[in-house]
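Raw entry06.pdb, PDB, C-alpha atoms and all ligand atoms:
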```
ATOM      1  CA  MET A   1     -88.871 -43.537  11.798
ATOM      2  CA  LYS A   2     -85.698 -42.365  10.079
ATOM      3  CA  ILE A   3     -85.687 -41.409   6.397
ATOM      4  CA  GLU A   4     -82.377 -41.402   4.515
ATOM      5  CA  VAL A   5     -81.691 -38.604   2.040
ATOM      6  CA  LEU A   6     -78.435 -38.964   0.074
ATOM      7  CA  GLY A   7     -76.669 -40.831   2.874
ATOM      8  CA  VAL A   8     -77.918 -38.733   5.806
ATOM      9  CA  ARG A   9     -80.718 -39.918   8.108
ATOM     10  CA  PHE A  10     -83.583 -37.674   9.200
ATOM     11  CA  ASP A  11     -86.363 -38.040  11.759
ATOM     12  CA  ASP A  12     -89.718 -37.737  10.033
ATOM     13  CA  LEU A  13     -91.422 -35.720  12.748
ATOM     14  CA  SER A  14     -93.446 -32.521  12.923
ATOM     15  CA  PRO A  15     -91.859 -29.506  14.690
ATOM     16  CA  GLU A  16     -93.981 -30.217  17.803
ATOM     17  CA  GLU A  17     -92.949 -33.884  17.819
ATOM     18  CA  MET A  18     -89.266 -32.889  17.537
ATOM     19  CA  VAL A  19     -89.558 -30.703  20.644
ATOM     20  CA  ARG A  20     -91.503 -33.370  22.564
ATOM     21  CA  THR A  21     -88.844 -35.953  21.685
ATOM     22  CA  ALA A  22     -86.043 -33.605  22.772
ATOM     23  CA  ALA A  23     -87.858 -32.929  26.067
ATOM     24  CA  SER A  24     -88.119 -36.646  26.794
ATOM     25  CA  LEU A  25     -84.444 -37.177  25.940
ATOM     26  CA  ILE A  26     -83.546 -34.393  28.394
ATOM     27  CA  GLU A  27     -85.751 -35.894  31.097
ATOM     28  CA  ALA A  28     -84.284 -39.347  30.452
ATOM     29  CA  GLY A  29     -80.792 -38.149  31.473
ATOM     30  CA  GLY A  30     -77.498 -39.135  29.838
ATOM     31  CA  PHE A  31     -76.118 -37.166  26.892
ATOM     32  CA  HIS A  32     -78.005 -36.664  23.624
ATOM     33  CA  TYR A  33     -77.473 -34.390  20.634
ATOM     34  CA  ALA A  34     -79.486 -33.113  17.699
ATOM     35  CA  VAL A  35     -78.422 -32.000  14.218
ATOM     36  CA  THR A  36     -80.082 -29.703  11.691
ATOM     37  CA  PRO A  37     -78.781 -30.717   8.246
ATOM     38  CA  ASN A  38     -79.486 -28.536   5.215
ATOM     39  CA  PRO A  39     -78.491 -29.363   1.599
ATOM     40  CA  GLU A  40     -74.994 -27.998   2.168
ATOM     41  CA  PHE A  41     -74.520 -30.529   4.999
ATOM     42  CA  LEU A  42     -75.481 -33.369   2.629
ATOM     43  CA  LEU A  43     -72.765 -32.378   0.163
ATOM     44  CA  THR A  44     -70.128 -31.938   2.891
ATOM     45  CA  ALA A  45     -71.085 -35.294   4.417
ATOM     46  CA  GLN A  46     -70.419 -37.033   1.100
ATOM     47  CA  LYS A  47     -66.764 -36.009   1.313
ATOM     48  CA  ASN A  48     -66.313 -36.009   5.091
ATOM     49  CA  GLU A  49     -66.943 -39.428   6.591
ATOM     50  CA  ALA A  50     -66.465 -38.338  10.216
ATOM     51  CA  PHE A  51     -69.127 -35.668   9.712
ATOM     52  CA  ARG A  52     -71.511 -38.163   8.069
ATOM     53  CA  THR A  53     -71.070 -40.588  10.959
ATOM     54  CA  VAL A  54     -71.741 -37.907  13.563
ATOM     55  CA  LEU A  55     -74.862 -36.768  11.668
ATOM     56  CA  ASN A  56     -76.145 -40.329  11.428
ATOM     57  CA  GLN A  57     -75.503 -41.102  15.079
ATOM     58  CA  ALA A  58     -77.465 -38.060  16.283
ATOM     59  CA  ASP A  59     -80.423 -38.750  18.558
ATOM     60  CA  LEU A  60     -82.513 -36.295  16.581
ATOM     61  CA  SER A  61     -81.992 -35.082  12.996
ATOM     62  CA  MET A  62     -84.240 -32.406  11.526
ATOM     63  CA  PRO A  63     -84.432 -31.236   7.894
ATOM     64  CA  ASP A  64     -83.399 -27.606   8.229
ATOM     65  CA  GLY A  65     -83.694 -26.664   4.557
ATOM     66  CA  ILE A  66     -86.523 -26.899   2.057
ATOM     67  CA  GLY A  67     -83.964 -28.474  -0.327
ATOM     68  CA  VAL A  68     -83.770 -31.546   1.920
ATOM     69  CA  VAL A  69     -87.558 -31.917   1.826
ATOM     70  CA  TYR A  70     -87.620 -31.575  -1.991
ATOM     71  CA  ALA A  71     -84.800 -34.118  -2.301
ATOM     72  CA  SER A  72     -86.773 -36.560  -0.101
ATOM     73  CA  LYS A  73     -89.833 -36.098  -2.346
ATOM     74  CA  ILE A  74     -87.758 -36.755  -5.476
ATOM     75  CA  LEU A  75     -86.388 -39.904  -3.820
ATOM     76  CA  GLY A  76     -89.968 -41.080  -3.206
ATOM     77  CA  ARG A  77     -89.683 -41.112   0.596
ATOM     78  CA  SER A  78     -91.196 -37.796   1.427
ATOM     79  CA  LEU A  79     -90.378 -36.090   4.735
ATOM     80  CA  LYS A  80     -93.349 -34.407   6.456
ATOM     81  CA  GLY A  81     -91.788 -30.977   6.111
ATOM     82  CA  ARG A  82     -89.046 -28.625   7.046
ATOM     83  CA  VAL A  83     -88.121 -28.144  10.702
ATOM     84  CA  PRO A  84     -85.871 -25.078  10.977
ATOM     85  CA  GLY A  85     -83.334 -25.547  13.750
ATOM     86  CA  ILE A  86     -83.915 -22.011  14.992
ATOM     87  CA  ASP A  87     -87.676 -22.615  15.447
ATOM     88  CA  PHE A  88     -86.954 -25.900  17.203
ATOM     89  CA  ALA A  89     -84.480 -24.130  19.514
ATOM     90  CA  GLU A  90     -86.961 -21.420  20.375
ATOM     91  CA  SER A  91     -89.747 -23.906  21.216
ATOM     92  CA  LEU A  92     -87.305 -25.922  23.304
ATOM     93  CA  VAL A  93     -86.228 -22.781  25.162
ATOM     94  CA  ALA A  94     -89.910 -21.968  25.877
ATOM     95  CA  TRP A  95     -90.300 -25.457  27.372
ATOM     96  CA  MET A  96     -87.090 -24.970  29.401
ATOM     97  CA  ALA A  97     -88.426 -21.722  30.860
ATOM     98  CA  ARG A  98     -91.595 -23.564  31.957
ATOM     99  CA  THR A  99     -89.704 -26.492  33.471
ATOM    100  CA  GLY A 100     -86.744 -24.667  35.077
ATOM    101  CA  LYS A 101     -84.023 -26.206  32.909
ATOM    102  CA  ARG A 102     -80.613 -24.528  32.599
ATOM    103  CA  LEU A 103     -79.540 -23.156  29.208
ATOM    104  CA  TYR A 104     -75.981 -22.484  27.995
ATOM    105  CA  LEU A 105     -75.242 -20.635  24.744
ATOM    106  CA  LEU A 106     -72.014 -21.485  22.895
ATOM    107  CA  GLY A 107     -70.883 -19.914  19.640
ATOM    108  CA  SER A 108     -70.612 -16.881  17.370
ATOM    109  CA  LYS A 109     -68.422 -13.838  17.808
ATOM    110  CA  PRO A 110     -67.694 -12.416  21.286
ATOM    111  CA  GLY A 111     -70.743 -10.641  22.720
ATOM    112  CA  VAL A 112     -73.294 -12.380  20.484
ATOM    113  CA  ALA A 113     -74.220 -15.208  22.891
ATOM    114  CA  GLU A 114     -74.739 -12.668  25.698
ATOM    115  CA  ALA A 115     -77.037 -10.568  23.499
ATOM    116  CA  ALA A 116     -78.919 -13.709  22.429
ATOM    117  CA  ALA A 117     -79.339 -14.616  26.114
ATOM    118  CA  GLU A 118     -80.905 -11.215  26.818
ATOM    119  CA  THR A 119     -83.368 -11.621  23.942
ATOM    120  CA  LEU A 120     -84.395 -15.106  25.057
ATOM    121  CA  LYS A 121     -84.751 -14.107  28.724
ATOM    122  CA  GLY A 122     -86.969 -11.201  27.596
ATOM    123  CA  ARG A 123     -89.168 -13.498  25.511
ATOM    124  CA  TYR A 124     -89.373 -16.321  28.058
ATOM    125  CA  PRO A 125     -89.598 -14.949  31.587
ATOM    126  CA  GLY A 126     -88.091 -17.263  34.153
ATOM    127  CA  LEU A 127     -85.624 -18.754  31.658
ATOM    128  CA  ILE A 128     -82.355 -19.688  33.350
ATOM    129  CA  VAL A 129     -79.332 -18.902  31.168
ATOM    130  CA  CYS A 130     -76.510 -20.434  33.204
ATOM    131  CA  GLY A 131     -73.654 -19.342  30.921
ATOM    132  CA  THR A 132     -72.411 -18.158  27.535
ATOM    133  CA  HIS A 133     -69.177 -18.521  25.550
ATOM    134  CA  ASP A 134     -68.107 -17.266  22.136
ATOM    135  CA  GLY A 135     -67.237 -19.718  19.366
ATOM    136  CA  TYR A 136     -63.679 -18.617  18.632
ATOM    137  CA  PHE A 137     -61.796 -20.531  21.336
ATOM    138  CA  GLN A 138     -58.498 -22.349  20.748
ATOM    139  CA  GLU A 139     -58.691 -24.943  23.504
ATOM    140  CA  ASP A 140     -61.638 -27.207  24.184
ATOM    141  CA  ALA A 141     -60.951 -28.166  27.815
ATOM    142  CA  PRO A 142     -61.737 -24.762  29.406
ATOM    143  CA  VAL A 143     -65.026 -24.583  27.460
ATOM    144  CA  VAL A 144     -65.986 -28.103  28.535
ATOM    145  CA  GLU A 145     -65.183 -27.146  32.138
ATOM    146  CA  ALA A 146     -67.194 -23.902  31.918
ATOM    147  CA  ILE A 147     -70.280 -25.802  30.722
ATOM    148  CA  ARG A 148     -69.797 -28.420  33.434
ATOM    149  CA  ALA A 149     -69.363 -25.771  36.152
ATOM    150  CA  ALA A 150     -72.513 -23.985  34.949
ATOM    151  CA  ARG A 151     -74.484 -27.266  35.365
ATOM    152  CA  ALA A 152     -76.103 -26.769  31.980
ATOM    153  CA  ASP A 153     -78.971 -29.031  30.955
ATOM    154  CA  VAL A 154     -79.048 -27.857  27.342
ATOM    155  CA  VAL A 155     -76.421 -26.182  25.152
ATOM    156  CA  LEU A 156     -77.277 -24.383  21.905
ATOM    157  CA  VAL A 157     -74.127 -24.718  19.787
ATOM    158  CA  GLY A 158     -73.444 -22.261  16.940
ATOM    159  CA  LEU A 159     -69.920 -22.939  15.650
ATOM    160  CA  GLY A 160     -70.853 -23.509  12.002
ATOM    161  CA  ALA A 161     -70.930 -26.930  10.334
ATOM    162  CA  PRO A 162     -69.198 -29.379  10.491
ATOM    163  CA  LYS A 163     -67.304 -27.961  13.471
ATOM    164  CA  GLN A 164     -70.338 -27.773  15.774
ATOM    165  CA  GLU A 165     -71.460 -31.366  15.101
ATOM    166  CA  LEU A 166     -67.961 -32.799  15.582
ATOM    167  CA  TRP A 167     -67.572 -30.741  18.766
ATOM    168  CA  MET A 168     -70.890 -31.875  20.271
ATOM    169  CA  ALA A 169     -70.240 -35.555  19.575
ATOM    170  CA  ARG A 170     -66.670 -35.437  20.861
ATOM    171  CA  HIS A 171     -67.011 -33.190  23.904
ATOM    172  CA  GLY A 172     -70.730 -33.242  24.738
ATOM    173  CA  PRO A 173     -70.608 -36.205  27.126
ATOM    174  CA  GLU A 174     -67.738 -34.641  29.162
ATOM    175  CA  THR A 175     -69.736 -31.466  29.810
ATOM    176  CA  GLY A 176     -72.438 -33.164  31.893
ATOM    177  CA  ALA A 177     -75.098 -31.473  29.717
ATOM    178  CA  LYS A 178     -78.068 -33.626  28.769
ATOM    179  CA  PHE A 179     -78.749 -32.227  25.328
ATOM    180  CA  MET A 180     -76.979 -30.189  22.652
ATOM    181  CA  VAL A 181     -78.152 -28.971  19.264
ATOM    182  CA  GLY A 182     -76.037 -27.552  16.439
ATOM    183  CA  LEU A 183     -77.600 -24.362  15.112
ATOM    184  CA  GLY A 184     -75.201 -22.544  12.749
ATOM    185  CA  GLY A 185     -75.863 -18.821  12.883
ATOM    186  CA  ALA A 186     -79.002 -18.925  15.081
ATOM    187  CA  LEU A 187     -77.365 -17.051  17.961
ATOM    188  CA  ASP A 188     -76.692 -14.152  15.560
ATOM    189  CA  VAL A 189     -80.422 -14.092  14.778
ATOM    190  CA  PHE A 190     -81.461 -14.214  18.459
ATOM    191  CA  ALA A 191     -78.939 -11.440  19.145
ATOM    192  CA  GLY A 192     -80.607  -9.305  16.464
ATOM    193  CA  HIS A 193     -77.418  -9.152  14.371
ATOM    194  CA  VAL A 194     -78.864 -11.123  11.477
ATOM    195  CA  GLU A 195     -82.417 -10.726  10.259
ATOM    196  CA  ARG A 196     -84.619 -13.706   9.447
ATOM    197  CA  ALA A 197     -86.923 -13.820   6.408
ATOM    198  CA  PRO A 198     -90.487 -12.564   6.999
ATOM    199  CA  GLU A 199     -92.946 -15.355   7.782
ATOM    200  CA  ALA A 200     -94.613 -15.273   4.369
ATOM    201  CA  TRP A 201     -91.244 -16.045   2.744
ATOM    202  CA  GLN A 202     -90.622 -18.835   5.277
ATOM    203  CA  ARG A 203     -94.047 -20.379   4.627
ATOM    204  CA  ALA A 204     -93.447 -20.261   0.875
ATOM    205  CA  GLY A 205     -90.185 -22.183   1.324
ATOM    206  CA  MET A 206     -88.287 -19.118   0.072
ATOM    207  CA  GLU A 207     -86.203 -18.288   3.140
ATOM    208  CA  TRP A 208     -83.046 -19.259   1.208
ATOM    209  CA  CYS A 209     -83.941 -16.667  -1.474
ATOM    210  CA  TYR A 210     -84.467 -13.917   1.090
ATOM    211  CA  ARG A 211     -81.099 -14.696   2.685
ATOM    212  CA  LEU A 212     -79.478 -14.561  -0.728
ATOM    213  CA  ILE A 213     -80.969 -11.138  -1.485
ATOM    214  CA  LYS A 214     -79.792  -9.845   1.908
ATOM    215  CA  ASP A 215     -76.346 -11.390   1.624
ATOM    216  CA  PRO A 216     -75.378 -11.986  -2.042
ATOM    217  CA  LYS A 217     -72.019 -13.437  -0.920
ATOM    218  CA  ARG A 218     -73.969 -16.612  -0.106
ATOM    219  CA  ILE A 219     -74.325 -17.309  -3.845
ATOM    220  CA  ASN A 220     -71.307 -19.626  -3.846
ATOM    221  CA  ARG A 221     -72.771 -21.671  -0.995
ATOM    222  CA  MET A 222     -76.225 -21.726  -2.541
ATOM    223  CA  ALA A 223     -75.141 -22.562  -6.064
ATOM    224  CA  LYS A 224     -74.372 -26.026  -4.716
ATOM    225  CA  LEU A 225     -77.916 -26.600  -3.554
ATOM    226  CA  PRO A 226     -79.553 -27.585  -6.868
ATOM    227  CA  LEU A 227     -76.889 -30.292  -7.025
ATOM    228  CA  VAL A 228     -78.641 -32.076  -4.158
ATOM    229  CA  LEU A 229     -81.854 -32.213  -6.206
ATOM    230  CA  VAL A 230     -79.980 -33.476  -9.270
ATOM    231  CA  GLN A 231     -78.288 -36.146  -7.153
ATOM    232  CA  ALA A 232     -81.649 -37.177  -5.700
ATOM    233  CA  ALA A 233     -83.111 -37.492  -9.205
ATOM    234  CA  GLY A 234     -80.108 -39.577 -10.258
ATOM    235  CA  ALA A 235     -80.474 -41.846  -7.224
ATOM    236  CA  ARG A 236     -84.212 -42.267  -7.951
ATOM    237  CA  VAL A 237     -83.546 -43.225 -11.558
ATOM    238  CA  ARG A 238     -80.927 -45.760 -10.444
ATOM    239  CA  GLY A 239     -83.530 -47.139  -8.047
ATOM    240  CA  LYS A 240     -81.559 -46.358  -4.867
TER     241      LYS A 240
HETATM  242  N1  LIG A 301     -68.662 -19.628  14.138
HETATM  243  C1  LIG A 301     -68.046 -19.786  15.383
HETATM  244  N2  LIG A 301     -66.788 -20.283  15.435
HETATM  245  C2  LIG A 301     -66.076 -20.624  14.317
HETATM  246  C3  LIG A 301     -66.707 -20.474  13.055
HETATM  247  C4  LIG A 301     -68.014 -19.967  13.001
HETATM  248  O1  LIG A 301     -68.649 -19.504  16.397
HETATM  249  O2  LIG A 301     -64.941 -21.065  14.444
HETATM  250  C5  LIG A 301     -70.027 -19.107  14.091
HETATM  251  C6  LIG A 301     -70.194 -17.820  13.301
HETATM  252  O3  LIG A 301     -69.838 -16.709  14.084
HETATM  253  C7  LIG A 301     -71.678 -17.876  12.981
HETATM  254  C8  LIG A 301     -71.937 -19.346  12.793
HETATM  255  O4  LIG A 301     -70.851 -20.033  13.402
HETATM  256  O5  LIG A 301     -72.425 -17.415  14.091
HETATM  257  C9  LIG A 301     -72.025 -19.641  11.277
HETATM  258  O6  LIG A 301     -72.458 -20.884  11.064
HETATM  259  P1  LIG A 301     -73.044 -21.319   9.641
HETATM  260  O7  LIG A 301     -72.333 -20.607   8.548
HETATM  261  O8  LIG A 301     -73.091 -22.801   9.618
HETATM  262  O9  LIG A 301     -74.502 -20.768   9.807
HETATM  263  P2  LIG A 301     -75.708 -20.529   8.846
HETATM  264  O10 LIG A 301     -75.522 -19.101   8.388
HETATM  265  O11 LIG A 301     -75.636 -21.524   7.721
HETATM  266  O12 LIG A 301     -76.866 -20.720   9.773
END
```

Go ahead and express the file in the form of structure tokens.
Amino acid sequence: MKIEVLGVRFDDLSPEEMVRTAASLIEAGGFHYAVTPNPEFLLTAQKNEAFRTVLNQADLSMPDGIGVVYASKILGRSLKGRVPGIDFAESLVAWMARTGKRLYLLGSKPGVAEAAAETLKGRYPGLIVCGTHDGYFQEDAPVVEAIRAARADVVLVGLGAPKQELWMARHGPETGAKFMVGLGGALDVFAGHVERAPEAWQRAGMEWCYRLIKDPKRINRMAKLPLVLVQAAGARVRGK
């Protein structure tokens, strides 16, 4: 079942159900993609119709930020909980290692995807990483061809939003890959270049706060987040 939060649709699934659904989409063949909207996505989608359409046509949409879950509660159609894209990606990669699927990493600065590949291969023995590419390319065609030549089953895409979502929807089918997911800066985390909040902070729904303390420049991005809650309250009052 999909739940709409301020114009963007989400799958109301647990983290385990998200991974199981992705695995069956991969096994089914054809091209599918997943998105991981946080409150910032919701605000961008209000102004960018192409982005909103691509988000709403995704095969799987997971609430990446606690702000999305709070907004859904305010709207009176509560999502089960947060499903961080990075946790989803890691569980999917574990499944891929068990089932022999081929992983391609696309995004971030040169060298990051390679370092992320090393981390993941260390954590999940047997994992096949069939290729990597940085996210600062000028032409799409050579990247599409590289993914196709690598015979990737799954591509983790970290180009930042909305670029990564638009890229997956536009070019995904040409690559021959079966599944892509847009993950923002997750490759930087796998590469060990960016630190994630300790688990206690994550459990408390305070990962955003930890990131802010570590990187105060994010204040401009985060200052927009309460707006999502205000908008949700407004929509609730208007009975939408
Ligand atoms: N990025 C990229 N190509 C670009 C712009 C950004 O590969 O043209 C990468 C950037 O290096 C970083 C990620 O996209 O790894 C940032 O995405 P975002 O800010 O959405 O991530 P968040 O920090 O919110 O997870």

Restrict the calculation to all atoms listed in the file, then for each residue of region 64-123 of chain A with any atom at most 12 Å from an atom of region 20-30 of chain A give the closest atom pair and their distance in Å to one decimal, rows by chain and rising residue number, as CSV.
```
residue,atom,partner,partner_atom,distance
A:Phe88,CA,A:Ala22,CA,9.6
A:Ala89,CA,A:Ala22,CA,10.1
A:Ser91,CA,A:Arg20,CA,9.7
A:Leu92,CA,A:Ala23,CA,7.6
A:Val93,CA,A:Ala23,CA,10.3
A:Ala94,CA,A:Ala23,CA,11.2
A:Trp95,CA,A:Ala23,CA,8.0
A:Met96,CA,A:Ala23,CA,8.7
A:Arg98,CA,A:Ala23,CA,11.7
A:Thr99,CA,A:Ala23,CA,10.0
A:Gly100,CA,A:Glu27,CA,12.0
A:Lys101,CA,A:Ile26,CA,9.4
A:Arg102,CA,A:Ile26,CA,11.1
A:Leu103,CA,A:Ile26,CA,12.0
```

Give me the result of the PyMOL selection byres (((chain A and resi 34-49) around 7) and not hetatm) on this file, residue by residue, as a list of chain:residue names.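 Here the PyMOL selection byres (((chain A and resi 34-49) around 7) and not hetatm) matches A:Leu6, A:Val8, A:Tyr33, A:Ala50, A:Phe51, A:Arg52, A:Thr53, A:Leu55, A:Ala58, A:Asp59, A:Leu60, A:Ser61, A:Met62, A:Pro63, A:Asp64, A:Gly65, A:Gly67, A:Val68, A:Gly85, A:Met180, A:Val181, A:Gly182, A:Leu183, A:Leu225, A:Val228.
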
Around region 152-156 of chain A, with edges along x, y and z and 5 Å added on all six sides, what centre and edge lengths do you get, in Å to one decimal, as JSON?
```
{"center_x": -77.6, "center_y": -26.7, "center_z": 26.9, "size_x": 12.9, "size_y": 14.6, "size_z": 20.1}
```

Atom-to-atom span, CA of Leu127 (chain A) and CA of Asp87 (chain A), Å: 16.8 Å

10 Å shell around ligand LIG 301 (chain A) using only C-alpha atoms and all ligand atoms, listed as a PyMOL selection string: chain A and resi 36-38+40-41+64+85-86+106-110+112-113+133-138+157-164+182-189+193-194+211+218+221

List as a list in words the protein and nucleic acid residues near Leu120 (chain A), meaning an atom at most 9 Å away when all atoms listed in the file are counted, but skip any in the same chain fewer than 3 places from it.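 Listing them by chain and then by number gives Glu90, Val93, Ala94, Ala115, Ala116, Ala117, Arg123, Tyr124, Pro125, Leu127, Val129, Phe190 and Ala191 of chain A.
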
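Between CA of Lys240 (chain A) and CA of Leu227 (chain A) there is a distance of 16.9 Å.
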
Residues near Glu4 (chain A), anyone? I mean within 9 Å using only C-alpha atoms, not counting same-chain ones fewer than 5 positions away, as an mmCIF file with C-alpha atoms, in the coordinates of the input.
```
data_model
loop_
_atom_site.group_PDB
_atom_site.id
_atom_site.type_symbol
_atom_site.label_atom_id
_atom_site.label_comp_id
_atom_site.auth_asym_id
_atom_site.auth_seq_id
_atom_site.Cartn_x
_atom_site.Cartn_y
_atom_site.Cartn_z
ATOM 1 C CA ARG A 9 -80.718 -39.918 8.108
ATOM 2 C CA PHE A 10 -83.583 -37.674 9.200
ATOM 3 C CA ASP A 11 -86.363 -38.040 11.759
ATOM 4 C CA SER A 72 -86.773 -36.560 -0.101
ATOM 5 C CA ARG A 77 -89.683 -41.112 0.596
#
```

A:His32, A:Arg203, A:His171, A:Arg236: which is nearest Val154 (chain A), counting all atoms listed in the file? A:His32

Taken to one decimal, the CA of Lys214 (chain A)-CA of Ala200 (chain A) distance is 16.0 Å

Ranking A:Val144, A:Gly176, A:Ala235, A:Val5 by minimum distance to Ala71 (chain A) and counting only C-alpha atoms, which one comes first?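 Answer, going by the shortest atom-to-atom distance: A:Val5.
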
Quick check on the file I pasted: which residues fall under the PyMOL selection byres (((chain A and resi 13) around 9) and not hetatm)? Write them as a list of chain:residue names. A:Met1, A:Phe10, A:Asp11, A:Asp12, A:Ser14, A:Pro15, A:Glu16, A:Glu17, A:Met18, A:Met62, A:Leu79, A:Lys80, A:Gly81, A:Val83

So that I can see what lies close to Ala149 (chain A), please list as a count of residues only the residues with an atom at most 10 Å from it, counting only C-alpha atoms and leaving out residues fewer than 6 positions away in the same chain. 5

Using all atoms listed in the file, pick whichever of A:Pro216, A:Pro198, A:Gly239, A:Pro226 has the shortest atom-to-atom distance to Tyr70 (chain A).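 Going through A:Pro216, A:Pro198, A:Gly239, A:Pro226 one by one, the smallest distance to Tyr70 (chain A) is for A:Pro226.
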